[in-house]
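The structure appears right after this line, and notes come after that.
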2 protein chains.
Amino acid sequence: MIAAARGKIPADLVLTGGRVVNVFTGERERADVALVGDRIVGVGRYEGRESRGVGGGFVAPGLVDGHLHVESTMLTPAAFARAAVPRGTTAVVIDPHEIANAAGIDGLRWLLAGTQGLPLTFYVQVPSGVPSSRLETSGGRIDAPAVSRLLTRPQVLGLAEVMEYAGLLAGDAEVLRKLTASAGRVIDGHAPDLSGRDLNAYLAAGPASDHEVTAPAEAREKLRRGMTVMLRQSSVARDMRRLLPAIPPPARDRCLVVTDDLLPDDLLRRGHMDAVLRDAVRSRALGPVEALRMATLNAAHHFRLPRVGAVAPGWRADLVVVEDLRNFRARLVVHGGRVVAEDGRLTVPVREGLPPGPRLQRSVRLGRLPEDALRIPARNGRCRVIRVRADSILTDQVMLRPEVREGAVAADPERGYVRLAVLERHRASGRVGLGLIAGLGLRSGALATSVSHDAHNIVVAGVDERDMWAALREIQRLQGGLVAVREGRPLARLALPVAGLVTEEPLPRVAAQMDALTRAARRLGVQLPHPFLTLSFVTLAVIPHLKLTDRGLVDVDAGRIVPLWLDGQEGQP
Amino acid sequence: MIAAARGKIPADLVLTGGRVVNVFTGERERADVALVGDRIVGVGRYEGRESRGVGGGFVAPGLVDGHLHVESTMLTPAAFARAAVPRGTTAVVIDPHEIANAAGIDGLRWLLAGTQGLPLTFYVQVPSGVPSSRLETSGGRIDAPAVSRLLTRPQVLGLAEVMEYAGLLAGDAEVLRKLTASAGRVIDGHAPDLSGRDLNAYLAAGPASDHEVTAPAEAREKLRRGMTVMLRQSSVARDMRRLLPAIPPPARDRCLVVTDDLLPDDLLRRGHMDAVLRDAVRSRALGPVEALRMATLNAAHHFRLPRVGAVAPGWRADLVVVEDLRNFRARLVVHGGRVVAEDGRLTVPVREGLPPGPRLQRSVRLGRLPEDALRIPARNGRCRVIRVRADSILTDQVMLRPEVREGAVAADPERGYVRLAVLERHRASGRVGLGLIAGLGLRSGALATSVSHDAHNIVVAGVDERDMWAALREIQRLQGGLVAVREGRPLARLALPVAGLVTEEPLPRVAAQMDALTRAARRLGVQLPHPFLTLSFVTLAVIPHLKLTDRGLVDVDAGRIVPLWLDGQEGQP
């Protein structure tokens with residue numbers, strides 16, 4: 001490396017004639033970039049054993065996604081890499097908490113094994129909330145001793161988003177044990193709307209970042225209190241563009257851009273971090289190199305990854321060449337010193353990991369359900385109804401007097417609400433949570449999914465019970481997946497046979513099936529941008545305000561199960 | 001901590017009514033700061049078991065000196081803490097390479113033991129250059145296995161300034177072994193004037209910072225290549241103010257301010273990092289909070305010290321309260337949650353460590369020297385002469401035909417040069433390097449010191465041999481120290497009986513003796529700002545351009561011993 005850097009021997013690979021983008025100084029500089037092994041050894045004039053002219057393109061550090069649940073793409077790590085690498089992504093920090101919640105350590109092992117040997121570096125944060133709530137039934141458990149064990153793995157950086165802020169603030173022993181086990185490591189946070197003294201308390205306990213910031217004032221307070229703010233641009237929660245203008249310039253180096261949850265069609269059509277960068281630059285809140293820094297150096301800083309995220313000697317040779325920094329599109333991608341993609345195509349083989357074991361492939365265990373399992377006996381009074389929002393994973397509680405038919409609560413698409421059920425699927429307990437959902441727009445049929453944050457029980461929303469049952473049968477037949485049903489028959493489906501979350505199919509096929517599902521949902525009346533993603537978050541009992549799990553309706557702010565009926569007893573529908 | 005942060009129980013200590021200085025956002029905010037144990041738990045409205053009104057003062061993070069050779073102050077760690085803590089310093093990153101060069105692992109052990117239990121955190125970088133050059137004889141050796149062992153100590157962060165860039169560039173095996181032993185840790189650099197491909201090669205090998213930057217263009221190149229630039233404001237090399245305006249704003253977070261080498265009188269009269277901050281603000285190149293950030297958060301970032309260097313919940317409770325951010329003077333200092341100084345006075349006891357062992361106290365071993373040991377036989381021709389600079393530790397080579405008296409080379413104060421000798425003092429080898437020094441200004445008498453970077457042999461400069469011998473005898477009698485002699489008698493002296501570098505006396509006494517020495521040097525004609533410090537660097541064979549060690553004249557750029565006479569043979573005077 002020293003001899004090659006000095007020009008005494010040729011480098012392994014030299015990118016010649018490009019303009020090097022300097023995330024330290026903000027400059028662009030005409031220079032060659034010389035690589036030896038997985039390292040950059042020089043920026044200047046160089047010759048190499050192999051040399052690639054980049055014809056005036058910008059040579060930038062490879063993109064880093066600092067917070068991603070890869071399971072949200074429904075792809076295996078290899079299939080994700082096939083899609084993201086040609087877009088310029090060279091590293092991701094994943095929190096595999098979906099598969100951990102659905103399939104525990106078994107699921108985690110399979111996922112991490114699948115990240116090895118890929119042209120994309122997978123760093124891992126240990127899921128901190130498995131189960132994420134005592135108010136739902138999960139398929140896995142990662143307790144404090146398991147956190148300690150996982151932290152010793154080489155690709156593991158620290159503890160992933162600590163979602164149970166209510167438990168933390170109350171001094172919950174298990175939450176504190178996990179934080180203690182992670183002391184000295186990077187602990188990521190998850191604290192929507194937390195402010196003032198409660199925010200102070202949360203930070204004092206260890207978490208150092210937040211990707212759940214939605215309001216400009218919230219971003220400023222969290223930066224002021226020392227948090228790294230991860231500006232999220234996920235398929236559903238597009239907070240980044242709103243927040244960028246609110247970041248005080250001195251605090252820009254404390255911000256990253258992240259995707260969190262990406263839908264397959266979004267990944268296929270818009271891209272990954274390249275799309276986020278294009279969005280960031282379009283916001284006009286900051287220059288393209290400042291935006292790039294939030295997708296490279298700042299992420300490496302937060303995760304204390306030395307010598308990652310810049311084009312400089314001694315730094316990791318993860319690079320992306322683009323023609324235009326404002327319309328960021330990868331022309332050439334280098335990972336660990338190796339050209340891995342060019343003109344949107346991979347140039348190296350990307351191999352799948354081991355196949356999932358039988359336990360991961362038989363993960364929908366609904367047990368025997370009585371035929372009235374979905375029925376909500378009518379009462380006189382008003383119900384708590386979950387109202388979903390189109391552009392957020394937060395929900396609101398609305399109160400209404402429901403339609404009654406044959407002694408049972410019925411959907412009323414005219415008034416904008418339909419039936420909702422969450423069925424426990426890990427332990428065949430037969431446990432079912434029942435409720436109503438408004439704002440979905442469903443006018444006929446049913447939608448069901450085995451993807452439902454974070455425990456990934458089966459969620460089904462429908463206008464009538466027959467279609468709801470048909471959707472559930474189809475999910476069970478597929479052993480996980482997404483389905484849209486009308487008049488008892490599936491209109492569209494996507495099988496997710498690995499833990500009910502992931503398919504081994506390639507992205508274009510998955511995206512096509514997702515498209516068909518979205519079209520089917522549209523035909524059933526749902527006009528939300530991402531019908532199934534919205535549905536998959538109605539169970540997430542750590543995001544305000546009203547959610548439904550297999551255990552019943554959850555008032556997230558109060559941290560407890562509440563009855564469906566306003567005058568009802570707790571713990572009963 | 002959680003309960004106190006939430007205001008449910010009182011904090012241990014609350015600083016009330018101050019304006020919190022936010023190094024993340026650049027803001028100032030009226031708020032209390034609540035502490036529990038050694039942590040900040042809240043910024044907001046708080047009550048504590050103990051509470052201290054700070055009456056509108058600015059509550060800032062405690063100051064961090066990212067690069068300091070504490071031995072340069074001639075003080076023990078405890079005596080240094082007594083001086084620096086009331087100035088607002090709460091952490092220092094020391095490179096104890098002076099005592100390591102003079103007294104090896106024994107010296108290092110004594111120094112590190114003395115850093116324990118003080119109201120000042122001492123982080124340590126393992127000295128990388130012991131000996132710092134094969135061209136001089138040192139009193140200690142820290143080889144690669146010793147580096148590995150020292151890296152396991154808890155207060156040790158990484159490898160200190162890698163000075164031997166010539167060896168590194170040449171692929172010297174021992175240098176590379178030390179770098180390999182430190183892989184993954186913070187490796188500090190030392191690469192004056194290094195540029196282009198050689199700089200690339202240096203960085204590719206591991207070093208990540210430089211405090212030897214003197215020119216604006218050099219600062220920009222080093223920042224561009226990913227180095228942390230430590231803007232030095234030492235007693236002699238005052239580079240910071242010159243460099244500050246040259247730092248591109250996006251790269252300011254990659255800069256720290258450091259003191260490197262501080263003379264005792266400077267520490268007593270001007271201060272420590274507080275003085276550096278006052279200087280930085282006076283430069284008008286950046287605002288007071290930006291300057292403060294370079295003395296707090298940026299230092300912690302570089303050394304990967306999580307949650308150090310800012311006033312935020314969960315961060316270390318190292319704080320300093322000042323009245324005026326532009327004229328930074330500590331009113332109250334908190335270290336690890338405890339008030340340790342107030343109004344310039346310590347409020348806690350500061351205890352000395354163990355006394356040094358007999359080996360450290362008997363460190364001047366000159367051996368038997370023949371009476372012509374200092375004599376330079378005359379020849380016909382010109383000599384290489386070291387010319388010192390008033391404001392830098394760099395030297396220049398000048399050529400002149402020396403005065404000859406009684407067959408030997410003589411000083412000629414009229415022509416501006418005097419005699420110079422460096423005597424090996426660790427192994428009693430009797431080895432003596434002889435030369436001439438210009439620019440010192442000495443017109444009569446002699447100056448001698450056992451402080452001479454980095455091997456700390458005895459340097460003596462004089463107009464005639466009688467005074468040079470008298471000075472050497474006095475140094476030997478004191479077992480280390482500084483002395484000014486005229487007509488065979490000491491005019492002033494400072495004993496440094498610990499390894500010939502350090503005294504156990506308190507700072508005011510040391511500074512008074514240094515003053516007396518400087519006055520004596522002035523009487524002898526020396527008008528340089530710091531006569532003895534300048535003298536102590538004429539031996540440093542890793543700083544360009546011409547130096548003198550016990551082995552002879554060193555052409556630093558060529559990396560070899562050169563003869564005194566221009567037509568001479570190598571290895572001979």
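A note on labels: chains of the structure tokens are A, B, ... as shown, every chain counts residues from 1, and ligands are counted from 1 in their shown order.
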
Non-local contacts of Glu218 in chain B (12 Å; only C-alpha atoms; under 5 positions in same chain excluded) as a ChimeraX atom specification:
/B:191-196,199,210-213,223-225,227,229,231,239,242-243,246-247

Could the residues of chain A that have an atom at most 8 Å from chain B be listed as JSON lines, each with its closest atom pair and the distance in Å to one decimal, counting only C-alpha atoms and ordered by chain and ascending residue number?
```
{"residue": "A:Met1", "atom": "CA", "partner": "B:Ala204", "partner_atom": "CA", "distance": 6.7}
{"residue": "A:Ile2", "atom": "CA", "partner": "B:Ala201", "partner_atom": "CA", "distance": 4.7}
{"residue": "A:Ala3", "atom": "CA", "partner": "B:Ala201", "partner_atom": "CA", "distance": 7.2}
{"residue": "A:Ala4", "atom": "CA", "partner": "B:Ala201", "partner_atom": "CA", "distance": 7.7}
{"residue": "A:Ala5", "atom": "CA", "partner": "B:Ala201", "partner_atom": "CA", "distance": 4.6}
{"residue": "A:Arg6", "atom": "CA", "partner": "B:Arg197", "partner_atom": "CA", "distance": 4.9}
{"residue": "A:Gly7", "atom": "CA", "partner": "B:Arg197", "partner_atom": "CA", "distance": 7.1}
{"residue": "A:Asn22", "atom": "CA", "partner": "B:Arg224", "partner_atom": "CA", "distance": 6.6}
{"residue": "A:Phe24", "atom": "CA", "partner": "B:Ala251", "partner_atom": "CA", "distance": 5.2}
{"residue": "A:Thr25", "atom": "CA", "partner": "B:Ala251", "partner_atom": "CA", "distance": 5.0}
{"residue": "A:Gly26", "atom": "CA", "partner": "B:Pro250", "partner_atom": "CA", "distance": 6.3}
{"residue": "A:Arg39", "atom": "CA", "partner": "B:Ala204", "partner_atom": "CA", "distance": 7.9}
{"residue": "A:Ile40", "atom": "CA", "partner": "B:Ala204", "partner_atom": "CA", "distance": 7.4}
{"residue": "A:Val41", "atom": "CA", "partner": "B:Ala204", "partner_atom": "CA", "distance": 5.3}
{"residue": "A:Gly42", "atom": "CA", "partner": "B:Asn200", "partner_atom": "CA", "distance": 5.2}
{"residue": "A:Val43", "atom": "CA", "partner": "B:Asn200", "partner_atom": "CA", "distance": 7.2}
{"residue": "A:Gly44", "atom": "CA", "partner": "B:Arg197", "partner_atom": "CA", "distance": 7.2}
{"residue": "A:Leu169", "atom": "CA", "partner": "B:Ile2", "partner_atom": "CA", "distance": 6.5}
{"residue": "A:Gly171", "atom": "CA", "partner": "B:Ile2", "partner_atom": "CA", "distance": 7.3}
{"residue": "A:Gly184", "atom": "CA", "partner": "B:Pro306", "partner_atom": "CA", "distance": 7.4}
{"residue": "A:Gly196", "atom": "CA", "partner": "B:Gly44", "partner_atom": "CA", "distance": 7.2}
{"residue": "A:Arg197", "atom": "CA", "partner": "B:Arg6", "partner_atom": "CA", "distance": 4.9}
{"residue": "A:Asp198", "atom": "CA", "partner": "B:Arg6", "partner_atom": "CA", "distance": 5.5}
{"residue": "A:Asn200", "atom": "CA", "partner": "B:Gly42", "partner_atom": "CA", "distance": 5.2}
{"residue": "A:Ala201", "atom": "CA", "partner": "B:Ala5", "partner_atom": "CA", "distance": 4.6}
{"residue": "A:Tyr202", "atom": "CA", "partner": "B:Ile2", "partner_atom": "CA", "distance": 7.1}
{"residue": "A:Leu203", "atom": "CA", "partner": "B:Gly314", "partner_atom": "CA", "distance": 5.6}
{"residue": "A:Ala204", "atom": "CA", "partner": "B:Gly314", "partner_atom": "CA", "distance": 3.6}
{"residue": "A:Ala205", "atom": "CA", "partner": "B:Gly314", "partner_atom": "CA", "distance": 6.6}
{"residue": "A:Gly206", "atom": "CA", "partner": "B:Gly314", "partner_atom": "CA", "distance": 6.5}
{"residue": "A:Leu223", "atom": "CA", "partner": "B:Phe24", "partner_atom": "CA", "distance": 6.8}
{"residue": "A:Arg224", "atom": "CA", "partner": "B:Thr25", "partner_atom": "CA", "distance": 6.1}
{"residue": "A:Arg225", "atom": "CA", "partner": "B:Ala312", "partner_atom": "CA", "distance": 5.0}
{"residue": "A:Gly226", "atom": "CA", "partner": "B:Ala312", "partner_atom": "CA", "distance": 5.7}
{"residue": "A:Pro248", "atom": "CA", "partner": "B:Thr25", "partner_atom": "CA", "distance": 5.9}
{"residue": "A:Pro249", "atom": "CA", "partner": "B:Thr25", "partner_atom": "CA", "distance": 7.4}
{"residue": "A:Pro250", "atom": "CA", "partner": "B:Thr25", "partner_atom": "CA", "distance": 5.3}
{"residue": "A:Ala251", "atom": "CA", "partner": "B:Thr25", "partner_atom": "CA", "distance": 5.0}
{"residue": "A:Arg254", "atom": "CA", "partner": "B:Phe24", "partner_atom": "CA", "distance": 7.6}
{"residue": "A:Arg304", "atom": "CA", "partner": "B:Arg304", "partner_atom": "CA", "distance": 7.0}
{"residue": "A:Pro306", "atom": "CA", "partner": "B:Gly184", "partner_atom": "CA", "distance": 7.4}
{"residue": "A:Ala310", "atom": "CA", "partner": "B:Gly226", "partner_atom": "CA", "distance": 7.7}
{"residue": "A:Val311", "atom": "CA", "partner": "B:Arg225", "partner_atom": "CA", "distance": 7.8}
{"residue": "A:Ala312", "atom": "CA", "partner": "B:Arg225", "partner_atom": "CA", "distance": 5.0}
{"residue": "A:Pro313", "atom": "CA", "partner": "B:Ala204", "partner_atom": "CA", "distance": 5.0}
{"residue": "A:Gly314", "atom": "CA", "partner": "B:Ala204", "partner_atom": "CA", "distance": 3.6}
{"residue": "A:Trp315", "atom": "CA", "partner": "B:Ala204", "partner_atom": "CA", "distance": 7.4}
```

Point-to-point distance in Å for CA of Ala300 in chain B and CA of Arg30 in chain B:
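Computing it gives 24.7 Å between the two atoms.
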
Contact residues around Ile99 in chain A with only C-alpha atoms at 10 Å, ignoring same-chain residues under 2 positions, as a ChimeraX atom specification
/A:69-72,95-97,101-111,127,130,139-140,360,454-456,498-502

Figure out the distance between CA of Leu528 in chain A and CA of Leu540 in chain A, please, to one decimal in Å.
18.3 Å

Within 10 Å of Leu151 in chain B using only C-alpha atoms, minus same-chain residues under 4 positions, as a short mmCIF file (atom, residue, chain, number, x, y, z; two decimals) with C-alpha atoms, in the first residue's frame:
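Result file follows (selection.cif):
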```
data_model
loop_
_atom_site.label_atom_id
_atom_site.label_comp_id
_atom_site.auth_asym_id
_atom_site.auth_seq_id
_atom_site.Cartn_x
_atom_site.Cartn_y
_atom_site.Cartn_z
CA VAL B 124 -2.93 8.34 26.89
CA GLN B 125 -1.55 7.71 23.44
CA VAL B 126 1.27 5.16 23.41
CA PRO B 145 5.27 -5.84 21.57
CA ALA B 146 5.45 -3.14 24.25
CA VAL B 147 3.07 -1.00 22.18
CA GLN B 155 -6.77 4.96 29.78
CA VAL B 156 -4.88 4.27 26.55
CA LEU B 157 -6.66 5.30 23.36
CA GLY B 158 -4.21 4.49 20.60
CA LEU B 159 -0.81 5.26 19.14
CA ALA B 181 -0.31 -3.46 16.55
CA SER B 182 -2.47 -0.31 16.66
CA ARG B 185 -7.23 2.30 17.29
#
```

All residues 8 Å or closer to Arg419 in chain B, only C-alpha atoms, same chain fewer than 6 positions away omitted, as a PDB file with N, CA and C atoms, in the first residue's frame:
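As written to disk, out-v8.pdb reads:
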```pdb
ATOM      1  N   ALA B 410      36.191  27.771  17.058  1.00  0.00           N
ATOM      2  CA  ALA B 410      35.740  28.613  18.169  1.00  0.00           C
ATOM      3  C   ALA B 410      34.423  29.287  17.818  1.00  0.00           C
ATOM      4  N   ALA B 411      33.686  29.646  18.897  1.00  0.00           N
ATOM      5  CA  ALA B 411      32.459  30.429  18.690  1.00  0.00           C
ATOM      6  C   ALA B 411      32.844  31.813  18.180  1.00  0.00           C
ATOM      7  N   LEU B 434      29.145  17.108  18.229  1.00  0.00           N
ATOM      8  CA  LEU B 434      29.654  18.487  18.283  1.00  0.00           C
ATOM      9  C   LEU B 434      29.198  19.268  17.067  1.00  0.00           C
ATOM     10  N   GLY B 435      28.910  20.555  17.274  1.00  0.00           N
ATOM     11  CA  GLY B 435      28.492  21.376  16.145  1.00  0.00           C
ATOM     12  C   GLY B 435      28.491  22.845  16.499  1.00  0.00           C
ATOM     13  N   LEU B 436      27.844  23.591  15.641  1.00  0.00           N
ATOM     14  CA  LEU B 436      27.742  25.041  15.818  1.00  0.00           C
ATOM     15  C   LEU B 436      26.286  25.435  15.664  1.00  0.00           C
ATOM     16  N   ILE B 437      25.900  26.479  16.378  1.00  0.00           N
ATOM     17  CA  ILE B 437      24.508  26.920  16.333  1.00  0.00           C
ATOM     18  C   ILE B 437      24.455  28.422  16.075  1.00  0.00           C
ATOM     19  N   ALA B 461      25.145  24.762  24.869  1.00  0.00           N
ATOM     20  CA  ALA B 461      25.594  25.752  23.893  1.00  0.00           C
ATOM     21  C   ALA B 461      26.437  26.772  24.646  1.00  0.00           C
ATOM     22  N   GLY B 462      27.550  27.167  24.078  1.00  0.00           N
ATOM     23  CA  GLY B 462      28.381  28.113  24.824  1.00  0.00           C
ATOM     24  C   GLY B 462      29.354  28.845  23.929  1.00  0.00           C
ATOM     25  N   VAL B 463      29.858  29.932  24.501  1.00  0.00           N
ATOM     26  CA  VAL B 463      30.842  30.721  23.769  1.00  0.00           C
ATOM     27  C   VAL B 463      32.232  30.145  24.012  1.00  0.00           C
ATOM     28  N   ASP B 464      32.484  29.688  25.232  1.00  0.00           N
ATOM     29  CA  ASP B 464      33.775  29.035  25.437  1.00  0.00           C
ATOM     30  C   ASP B 464      33.611  27.732  26.212  1.00  0.00           C
TER      31      ASP B 464
END
```

In terms of only C-alpha atoms, the residue from A:Arg177, A:Ser138, A:Gly353, A:Leu374 at minimal distance from Arg427 in chain A is A:Ser138

Tell me which protein, DNA and RNA residues are within 12 Å of Thr518 in chain B, counting only C-alpha atoms, leaving out same-chain ones fewer than 2 positions away, and put them as a PyMOL selection string.
chain B and resi 263+265+447+482-485+491-494+511-516+520-534

Using only N, CA and C atoms, please write the residues we just selected to a file, as a compact mmCIF listing (two decimals), in the first residue's frame.
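The resulting file, again08.txt, is reproduced below:
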```
# COMPACT_ATOMS: atom_id res chain seq x y z
N LEU B 263 5.37 25.62 28.11
CA LEU B 263 6.36 25.96 29.11
C LEU B 263 5.66 26.34 30.42
N ASP B 265 6.07 28.77 32.56
CA ASP B 265 5.67 30.16 32.76
C ASP B 265 4.46 30.50 31.91
N LEU B 447 24.63 27.82 28.09
CA LEU B 447 23.33 27.31 28.53
C LEU B 447 23.37 25.80 28.37
N LEU B 482 18.04 22.60 34.05
CA LEU B 482 18.42 23.67 33.13
C LEU B 482 19.38 24.59 33.88
N VAL B 483 20.37 25.11 33.16
CA VAL B 483 21.32 25.98 33.83
C VAL B 483 21.87 27.03 32.86
N ALA B 484 22.09 28.22 33.38
CA ALA B 484 22.77 29.27 32.63
C ALA B 484 24.03 29.63 33.41
N VAL B 485 25.16 29.67 32.71
CA VAL B 485 26.47 29.84 33.36
C VAL B 485 27.21 31.02 32.75
N LEU B 491 24.37 31.21 36.82
CA LEU B 491 23.59 32.43 37.05
C LEU B 491 22.17 32.06 37.51
N ALA B 492 21.66 30.95 37.00
CA ALA B 492 20.30 30.50 37.35
C ALA B 492 20.22 29.02 37.04
N ARG B 493 19.30 28.37 37.74
CA ARG B 493 19.18 26.93 37.52
C ARG B 493 17.77 26.47 37.87
N LEU B 494 17.41 25.33 37.28
CA LEU B 494 16.17 24.64 37.65
C LEU B 494 16.50 23.15 37.68
N ALA B 511 7.98 28.15 37.57
CA ALA B 511 7.91 29.27 36.65
C ALA B 511 8.88 30.38 37.07
N ALA B 512 9.01 30.61 38.39
CA ALA B 512 9.93 31.64 38.86
C ALA B 512 11.36 31.28 38.49
N GLN B 513 11.69 30.00 38.63
CA GLN B 513 13.05 29.59 38.27
C GLN B 513 13.28 29.68 36.76
N MET B 514 12.23 29.35 36.00
CA MET B 514 12.33 29.49 34.54
C MET B 514 12.53 30.96 34.17
N ASP B 515 11.81 31.84 34.85
CA ASP B 515 11.97 33.27 34.62
C ASP B 515 13.42 33.70 34.86
N ALA B 516 13.94 33.22 36.00
CA ALA B 516 15.31 33.57 36.34
C ALA B 516 16.27 33.06 35.25
N ALA B 520 18.58 35.26 32.88
CA ALA B 520 20.01 34.99 32.79
C ALA B 520 20.43 34.83 31.33
N ALA B 521 19.60 34.10 30.57
CA ALA B 521 19.91 33.92 29.14
C ALA B 521 19.92 35.27 28.42
N ARG B 522 18.98 36.14 28.77
CA ARG B 522 18.95 37.49 28.18
C ARG B 522 20.25 38.23 28.48
N ARG B 523 20.70 38.08 29.75
CA ARG B 523 21.95 38.75 30.10
C ARG B 523 23.11 38.20 29.29
N LEU B 524 22.98 36.95 28.89
CA LEU B 524 24.03 36.35 28.06
C LEU B 524 23.82 36.66 26.58
N GLY B 525 22.76 37.40 26.27
CA GLY B 525 22.58 37.86 24.89
C GLY B 525 21.44 37.22 24.13
N VAL B 526 20.81 36.18 24.70
CA VAL B 526 19.79 35.44 23.95
C VAL B 526 18.46 36.21 23.99
N GLN B 527 17.97 36.61 22.85
CA GLN B 527 16.73 37.37 22.80
C GLN B 527 15.55 36.53 22.30
N LEU B 528 15.77 35.27 22.02
CA LEU B 528 14.66 34.39 21.59
C LEU B 528 13.59 34.35 22.67
N PRO B 529 12.33 34.15 22.28
CA PRO B 529 11.29 34.16 23.31
C PRO B 529 11.49 33.08 24.38
N HIS B 530 11.94 31.91 23.97
CA HIS B 530 12.08 30.80 24.94
C HIS B 530 13.43 30.13 24.71
N PRO B 531 14.48 30.69 25.28
CA PRO B 531 15.83 30.20 24.97
C PRO B 531 15.99 28.69 25.17
N PHE B 532 15.52 28.18 26.32
CA PHE B 532 15.78 26.77 26.61
C PHE B 532 14.91 25.84 25.77
N LEU B 533 13.71 26.28 25.44
CA LEU B 533 12.87 25.44 24.59
C LEU B 533 13.48 25.33 23.19
N THR B 534 13.93 26.45 22.69
CA THR B 534 14.59 26.42 21.38
C THR B 534 15.77 25.46 21.41
```

Taking into account only C-alpha atoms, which residue in the set A:Ile142, A:Leu268, A:Ala291, A:Val432 is nearest to Ala81 in chain A?
A:Leu268

Report as a PyMOL selection string all protein, DNA and RNA residues lying within 12 Å of Arg326 in chain A, evaluated on only C-alpha atoms, omitting residues in the same chain fewer than 5 positions from it.
chain A and resi 58+274-284+286-292

Range 219-416 of chain B: which residues are helix (DSSP H, G or I) by DSSP, as a ChimeraX atom specification?
/B:219-224,240-246,249-254,264-269,273-282,288-294,297-302,358-361,413-415

Work out how far apart CA of Asp557 in chain B and CA of Leu35 in chain A are and give it in Å to one decimal.
28.2 Å
